[in-house]
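Read through the structure below, which is laid out as C-alpha cells, and then see the notes.
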Amino acid sequence: MGATGSIGSAALDVIARHPQRFRASVLTANTQVNELAELCRRFEPELAVIADAKLESALRTQIEAAGLRTRASSGAAALVEAAAGDDCDTVLAAIVGAAGLESTLAAARTGKRVLLANKEAIVMAGPLLLDALRIGGGDLLPVDSEHNAIFQCLPGGRPDLARAGVRRILLTASGGPFRGKKRPELATITPDQACAHPNWRMGRKISVDSATLMNKGLEVIEAHWLFGASAAQIEVVVHPQSIIHSLVEYNDGSVLAQLGNPDMRTALAYALAWPGRVDAGVAPLDLLALARLDFEAADLDTFRCLGLAYRALQAGGTTPAILNAANEVAVAAFLQGSLPFLAIAELIEATLDAQPGETLVNLGQLVYVDLTARQHAQRIMRTSFC
Ligand code: NAD
Ligand code: MG
C-alpha cells in the first residue's frame with residue numbers, strides 16, 4: 001500500500017533482490033498513475049489499485065497496452081479490499097497519513113503479516129489496531145526504523161516489558177534539519193528547507209514532521225501502543241548521525257541498541273524476512289570512518305510539537321487522533337505556503353484546546369473525530385493564522 005512512495009520504492013528494491021522469496025502481488029498508489037503503471041510492468045502484480053477513481057481507466061489502458069494480466073481497480077474501498085483480499089499474505093502499510101488507517105486495520109483483521117510504516121494509523125487507532133491483530137491472529141512488524149530497532153532489541157519482539165525487565169525505551173531522533181536553531185531563526189522557513197533532511201530522503205509530509213519533531217512525537221505514541229510502554233518510560237534522545245536507531249534499557253543496567261546506516265531498506269528487509277535475515281542492499285557500517293556518535297537533549301521550547309504529542313498520549317482516548325488530524329492539516333497548509341513553520345505547533349495546540357478527546361470506541365467514531373478535528377483546525381487557521 002503506497003507503492004509509489006519513498007517507503008514503497010525502498011521495499012520494492014528489497015523485494016526485487018529476492019525474486020525466489022518475495023513477490024509484489026498487489027501494488028497501490030494515490031494519484032501517480034504513470035508511476036504505478038510502470039511498477040506494474042516491472043513487477044507484474046495480480047492487482048493494482050489507484051485511490052483516485054478518475055484515474056482507473058488510464059491505469060487499465062496502460063496495463064492492457066503492456067499485455068499484463070494485472071487486474072485494475074480504484075477508490076478507497078478497493079484499497080481496503082486489496083489489503084484484506086487473497087492476492088497477498090503480507091501487507092506493507094506505507095500510505096501516508098490517516099488515509100492508510102482503514103486498509104491497515106483490514107489487513108490486521110484478516111490475520112496477514114502487517115509491516116507497519118503508516119505510523120499515523122497506530123497513533124490514531126492504537127487500541128483498534130491491537131484488537132484487529134488479536135482477532136486476525138497475524139504478526140505486526142514495525143518498519144519505522146526506531147521501532148524496528150526496539151523490536152530487534154527486545155526478547156521475542158513485543159514482550160511484556162515488566163516481565164522482560166525493561167526499564168526504559170530510548171527513542172533516537174536526528175533532530176531534523178533545524179537542530180540547534182532557535183525560534184526566531186525558524187520564522188521564515190520554506191517547505192523546501194524543511195524537506196531537506198540531513199540523513200534520510202523521505203516523503204514531504206514525514207520530512208516536515210521530522211523538522212518540527214512531530215515525527216518523534218508520533219513515534220512516542222507509536223512506541224506506547226507497539227510495546228506497551230508508558231509515556232514516562234519512553235525518552236527521546238537526539239542523536240544527529242542517525243546510526244543508532246533506538247535503544248532499550250534493562251533493570252540490570254544493560255542497554256541494547258540497534259545500529260546501521262540510515263537506510264530504510266534494513267528495517268524493511270528485517271520485517272519482510274523475519275524471523276530470518278536477507279541482504280537489503282545496504283552498505284556495511286564503517287565505524288572507523290564514522291569515528292563518533294553524539295547525543296543531546298531535545299529542545300522542547302523550540303520544537304513544541306514533541307511536547308504536544310506527550311500531552312495527547314497522556315490524555316489518551318481520541319486525543320492522539322485529534323493531534324494527528326490537526327498536524328496533517330497544518331503540514332499540508334505549510335507545504336502549500338499558506339501557514340508559517342512556527343504556526344504548525346500553534347495550530348495543533350489550538351485544535352487540541354478546542355476539541356476535547358473522548359473515550360475511543362470504534363472506527364466509525366474515530367472517522368468522525370478525525371473529520372471534526374480537521375474542520376476545527378481549518379476554522380482556527382482561517383480565523384487566527386492566515
Ligand atoms: P510518500 O509521500 O513518499 O508516499 C506515500 C504513498 O502513499 C504514495 O505511494 C502515495 O501514492 C500513497 N498515498 C498518499 N495519499 C494517499 C491516499 N489518500 N490514498 C491512497 N494512497 C495514498 O510517503 P513515505 O515517506 O513513503 O511515508 C509513508 C509512511 O511511512 C508515512 O506514514 C511515514 O510516516 C512512514 N515512514 C516513512 C519513512 C521514510 O523514510 N520515508 C520512515 C518511517 C516511517
Ligand atoms: Mg522513524
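Identifiers in the C-alpha cells: chain A, B, ... in order shown; residue index from 1 per chain; ligand index from 1 in order shown.
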
- Task: Give as an MDAnalysis selection string the residues surrounding ligand 1 up to a distance of 6 Å, considering only C-alpha atoms and all ligand atoms.
- Result: chainID A and resid 2:8 29:31 51 94:97 99 117:120 144 202:204 206 264

Enumerate, in order of chain and increasing residue number, the residues of chain A with an atom no farther than 7 Å from ligand 2, each with its shortest atom pair and distance in Å to one decimal, counting only C-alpha atoms and all ligand atoms, as JSON lines.
```
{"residue": "A:Asp144", "atom": "CA", "partner": "ligand 2", "partner_atom_place_in_ligand_line": "1 (Mg)", "distance": 4.5}
{"residue": "A:Ser145", "atom": "CA", "partner": "ligand 2", "partner_atom_place_in_ligand_line": "1 (Mg)", "distance": 4.9}
{"residue": "A:Glu146", "atom": "CA", "partner": "ligand 2", "partner_atom_place_in_ligand_line": "1 (Mg)", "distance": 5.3}
{"residue": "A:Glu219", "atom": "CA", "partner": "ligand 2", "partner_atom_place_in_ligand_line": "1 (Mg)", "distance": 6.7}
```

What would the file look like if the residues just selected were written as a PDB file, in the first residue's frame with N, CA and C atoms?
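To be explicit, this is the file written out as out-v3.pdb:
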```
ATOM      1  N   ASP A 144       9.000   1.485  10.923  1.00  0.00           N
ATOM      2  CA  ASP A 144       9.625   2.732  11.376  1.00  0.00           C
ATOM      3  C   ASP A 144      10.970   2.343  11.999  1.00  0.00           C
ATOM      4  N   SER A 145      12.056   3.002  11.593  1.00  0.00           N
ATOM      5  CA  SER A 145      13.383   2.485  11.939  1.00  0.00           C
ATOM      6  C   SER A 145      13.594   2.377  13.446  1.00  0.00           C
ATOM      7  N   GLU A 146      13.043   3.333  14.207  1.00  0.00           N
ATOM      8  CA  GLU A 146      13.224   3.314  15.664  1.00  0.00           C
ATOM      9  C   GLU A 146      12.516   2.098  16.278  1.00  0.00           C
ATOM     10  N   GLU A 219       6.041   9.073  17.000  1.00  0.00           N
ATOM     11  CA  GLU A 219       6.752   7.817  17.290  1.00  0.00           C
ATOM     12  C   GLU A 219       6.685   7.439  18.773  1.00  0.00           C
TER      13      GLU A 219
END
```

- Message: Give me, as a PyMOL selection string, all polymer residues having an atom no more than 12 Å from Ser230 (chain A), counting only C-alpha atoms and skipping those fewer than 4 positions away in the same chain.
- Response: chain A and resi 161-162+166-169+220-226+234-235+310+313-314+316

- Using only C-alpha atoms, find the one residue out of A:Asp286, A:Glu346, A:Asp299, A:Asp294 that sits nearest to Gly180 (chain A).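 Ranking A:Asp286, A:Glu346, A:Asp299, A:Asp294 by distance to Gly180 (chain A), first place goes to A:Asp299.
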
Name the residues in contact with Arg71 (chain A) at a cut-off of 9 Å, using only C-alpha atoms, excluding same-chain residues fewer than 2 positions from it; report them as a PDB file with C-alpha atoms, in the first residue's frame.
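And here's around.pdb as it stands now:
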```pdb
ATOM      1  CA  PRO A  45       1.287  -7.913  -9.786  1.00  0.00           C
ATOM      2  CA  GLU A  46      -2.095  -9.674  -9.658  1.00  0.00           C
ATOM      3  CA  LEU A  47      -3.826  -6.439  -8.686  1.00  0.00           C
ATOM      4  CA  ALA A  48      -3.131  -2.699  -8.979  1.00  0.00           C
ATOM      5  CA  VAL A  49      -5.269  -0.104  -7.197  1.00  0.00           C
ATOM      6  CA  ARG A  60      -6.321  -0.027 -17.142  1.00  0.00           C
ATOM      7  CA  ILE A  63      -1.886  -2.307 -18.172  1.00  0.00           C
ATOM      8  CA  LEU A  68      -0.309  -7.749 -18.467  1.00  0.00           C
ATOM      9  CA  ARG A  69      -2.922  -9.869 -16.689  1.00  0.00           C
ATOM     10  CA  SER A  73      -9.398  -1.136  -9.561  1.00  0.00           C
TER      11      SER A  73
END
```

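For the choices A:Asn327, A:Gln193, A:Thr70, A:Thr266, the atom-to-atom distance to Ala11 (chain A) is smallest for A:Thr266 when using only C-alpha atoms.
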
- Task: Using only C-alpha atoms, determine which residues lie at most 12 Å from Asp301 (chain A), disregarding the query and same-chain residues fewer than 2 positions distant; provide the list as a list in words.
- Result: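 These residues fall inside the cut-off: Gly180, Lys181, Lys182, Arg183, Pro184, Thr212, Leu213, Ala297, Ala298, Asp299, Phe303, Arg304, Cys305, Leu306, Gly307, Leu308, Leu342 and Ala345 of chain A.
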
Just the selected residues (N, CA and C atoms), exported as a PDB file, in the first residue's frame, please.
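Heads up, here's the output in again_11.pdb:
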```
ATOM      1  N   GLY A 180      19.461  22.681  16.736  1.00  0.00           N
ATOM      2  CA  GLY A 180      20.355  23.743  17.211  1.00  0.00           C
ATOM      3  C   GLY A 180      19.824  25.141  16.930  1.00  0.00           C
ATOM      4  N   LYS A 181      18.790  25.244  16.099  1.00  0.00           N
ATOM      5  CA  LYS A 181      18.243  26.583  15.804  1.00  0.00           C
ATOM      6  C   LYS A 181      17.214  26.962  16.874  1.00  0.00           C
ATOM      7  N   LYS A 182      17.026  28.296  17.031  1.00  0.00           N
ATOM      8  CA  LYS A 182      16.043  28.808  17.986  1.00  0.00           C
ATOM      9  C   LYS A 182      14.855  29.383  17.219  1.00  0.00           C
ATOM     10  N   ARG A 183      13.761  29.672  17.923  1.00  0.00           N
ATOM     11  CA  ARG A 183      12.527  30.077  17.251  1.00  0.00           C
ATOM     12  C   ARG A 183      12.691  31.253  16.271  1.00  0.00           C
ATOM     13  N   PRO A 184      13.386  32.344  16.646  1.00  0.00           N
ATOM     14  CA  PRO A 184      13.478  33.464  15.694  1.00  0.00           C
ATOM     15  C   PRO A 184      14.089  33.064  14.350  1.00  0.00           C
ATOM     16  N   THR A 212       9.745  19.501  12.502  1.00  0.00           N
ATOM     17  CA  THR A 212       9.053  20.085  13.669  1.00  0.00           C
ATOM     18  C   THR A 212       9.241  19.228  14.925  1.00  0.00           C
ATOM     19  N   LEU A 213       9.790  18.025  14.763  1.00  0.00           N
ATOM     20  CA  LEU A 213       9.871  16.973  15.799  1.00  0.00           C
ATOM     21  C   LEU A 213       8.517  16.318  16.081  1.00  0.00           C
ATOM     22  N   ALA A 297      20.030  16.499  24.411  1.00  0.00           N
ATOM     23  CA  ALA A 297      18.610  16.532  24.788  1.00  0.00           C
ATOM     24  C   ALA A 297      17.811  17.227  23.689  1.00  0.00           C
ATOM     25  N   ALA A 298      16.528  16.867  23.581  1.00  0.00           N
ATOM     26  CA  ALA A 298      15.646  17.546  22.616  1.00  0.00           C
ATOM     27  C   ALA A 298      15.294  18.934  23.158  1.00  0.00           C
ATOM     28  N   ASP A 299      15.206  19.915  22.262  1.00  0.00           N
ATOM     29  CA  ASP A 299      14.876  21.294  22.646  1.00  0.00           C
ATOM     30  C   ASP A 299      13.348  21.477  22.546  1.00  0.00           C
ATOM     31  N   PHE A 303      10.965  23.210  19.632  1.00  0.00           N
ATOM     32  CA  PHE A 303      10.204  22.215  18.860  1.00  0.00           C
ATOM     33  C   PHE A 303       9.026  21.740  19.720  1.00  0.00           C
ATOM     34  N   ARG A 304       7.968  22.563  19.717  1.00  0.00           N
ATOM     35  CA  ARG A 304       6.884  22.348  20.676  1.00  0.00           C
ATOM     36  C   ARG A 304       6.004  21.163  20.324  1.00  0.00           C
ATOM     37  N   CYS A 305       6.078  20.685  19.099  1.00  0.00           N
ATOM     38  CA  CYS A 305       5.218  19.561  18.697  1.00  0.00           C
ATOM     39  C   CYS A 305       5.489  18.309  19.530  1.00  0.00           C
ATOM     40  N   LEU A 306       6.736  18.112  19.941  1.00  0.00           N
ATOM     41  CA  LEU A 306       7.057  16.906  20.712  1.00  0.00           C
ATOM     42  C   LEU A 306       6.298  16.918  22.035  1.00  0.00           C
ATOM     43  N   GLY A 307       6.277  18.060  22.708  1.00  0.00           N
ATOM     44  CA  GLY A 307       5.529  18.177  23.965  1.00  0.00           C
ATOM     45  C   GLY A 307       4.033  17.988  23.752  1.00  0.00           C
ATOM     46  N   LEU A 308       3.524  18.477  22.622  1.00  0.00           N
ATOM     47  CA  LEU A 308       2.088  18.317  22.337  1.00  0.00           C
ATOM     48  C   LEU A 308       1.731  16.843  22.157  1.00  0.00           C
ATOM     49  N   LEU A 342       6.418  28.031  12.168  1.00  0.00           N
ATOM     50  CA  LEU A 342       6.205  28.051  13.625  1.00  0.00           C
ATOM     51  C   LEU A 342       4.731  27.951  13.999  1.00  0.00           C
ATOM     52  N   ALA A 345       2.854  24.179  15.196  1.00  0.00           N
ATOM     53  CA  ALA A 345       2.620  23.773  16.596  1.00  0.00           C
ATOM     54  C   ALA A 345       1.476  24.567  17.213  1.00  0.00           C
TER      55      ALA A 345
END
```

- Task: From a DSSP calculation on the backbone, collect every residue of region 249-349 of chain A in strand (DSSP E or B) and output the set as number ranges by chain.
- Result: A: 249-250, 255-259, 296

- Query: With only C-alpha atoms as the atoms that count, which of A:Leu128, A:Phe385, A:Arg179, A:Val278 lies nearest to Gln20 (chain A)?
  - Reply: A:Val278

- All residues 7 Å or closer to region 375-377 of chain A, only C-alpha atoms, same chain fewer than 3 positions away omitted, as a PyMOL selection string: chain A and resi 326+329+347+351+371-372+380-381

Print the selection's residues with C-alpha atoms to a file, as a short mmCIF file (atom, residue, chain, number, x, y, z; two decimals), in the first residue's frame.
```
data_model
loop_
_atom_site.label_atom_id
_atom_site.label_comp_id
_atom_site.auth_asym_id
_atom_site.auth_seq_id
_atom_site.Cartn_x
_atom_site.Cartn_y
_atom_site.Cartn_z
CA ALA A 326 -4.53 18.88 13.21
CA VAL A 329 -3.96 19.96 8.17
CA LEU A 347 -2.43 25.40 15.24
CA THR A 351 -7.09 22.45 17.93
CA LEU A 371 -13.15 14.87 10.32
CA THR A 372 -14.27 17.19 13.14
CA ILE A 380 -8.81 28.14 13.51
CA MET A 381 -6.34 28.51 10.66
#
```

- Message: Which residues are near Leu115 (chain A)? Cut-off 7 Å, only C-alpha atoms, ignore same chain within fewer than 3 positions. Put them as number ranges by chain.
- Response: A: 91-93, 140-143, 271

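Remark: for Glu185 (chain A), the closest of the candidate residues A:Asn251, A:Ser207, A:Gln241, A:Thr302 is A:Thr302 (distances computed over only C-alpha atoms).
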
- Message: Please identify the alpha helix (DSSP H) residues within region 95-330 of chain A (assignment by DSSP from backbone atoms) and present them as JSON, numbers by chain.
- Response: {"A": [101, 102, 103, 104, 105, 106, 107, 108, 109, 119, 120, 121, 122, 123, 124, 125, 126, 127, 128, 129, 130, 131, 132, 133, 134, 135, 136, 145, 146, 147, 148, 149, 150, 151, 152, 153, 191, 192, 193, 194, 204, 205, 206, 207, 208, 209, 210, 211, 212, 214, 215, 216, 217, 218, 219, 220, 221, 222, 223, 224, 225, 226, 227, 264, 265, 266, 267, 268, 269, 270, 271, 272, 273, 287, 288, 289, 290, 304, 305, 306, 307, 308, 309, 310, 311, 312, 313, 314, 315, 319, 320, 321, 322, 323, 324, 325, 326, 327, 328, 329, 330]}

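Here the question is which of A:Asp139, A:Asp131, A:Asp192, A:Asp160 gets nearest to Gly111 (chain A) using only C-alpha atoms, and that residue is A:Asp139.
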
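Here the question is which of A:Ala273, A:Met124, A:Val208, A:Ile244 gets nearest to Phe22 (chain A) using only C-alpha atoms, and that residue is A:Ala273.
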
- Task: Using CA of Leu55 (chain A) and CA of Ala98 (chain A) as the two end points, give the distance in Å to one decimal.
- Result: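 Calculated distance between CA of Leu55 (chain A) and CA of Ala98 (chain A) is 21.3 Å.
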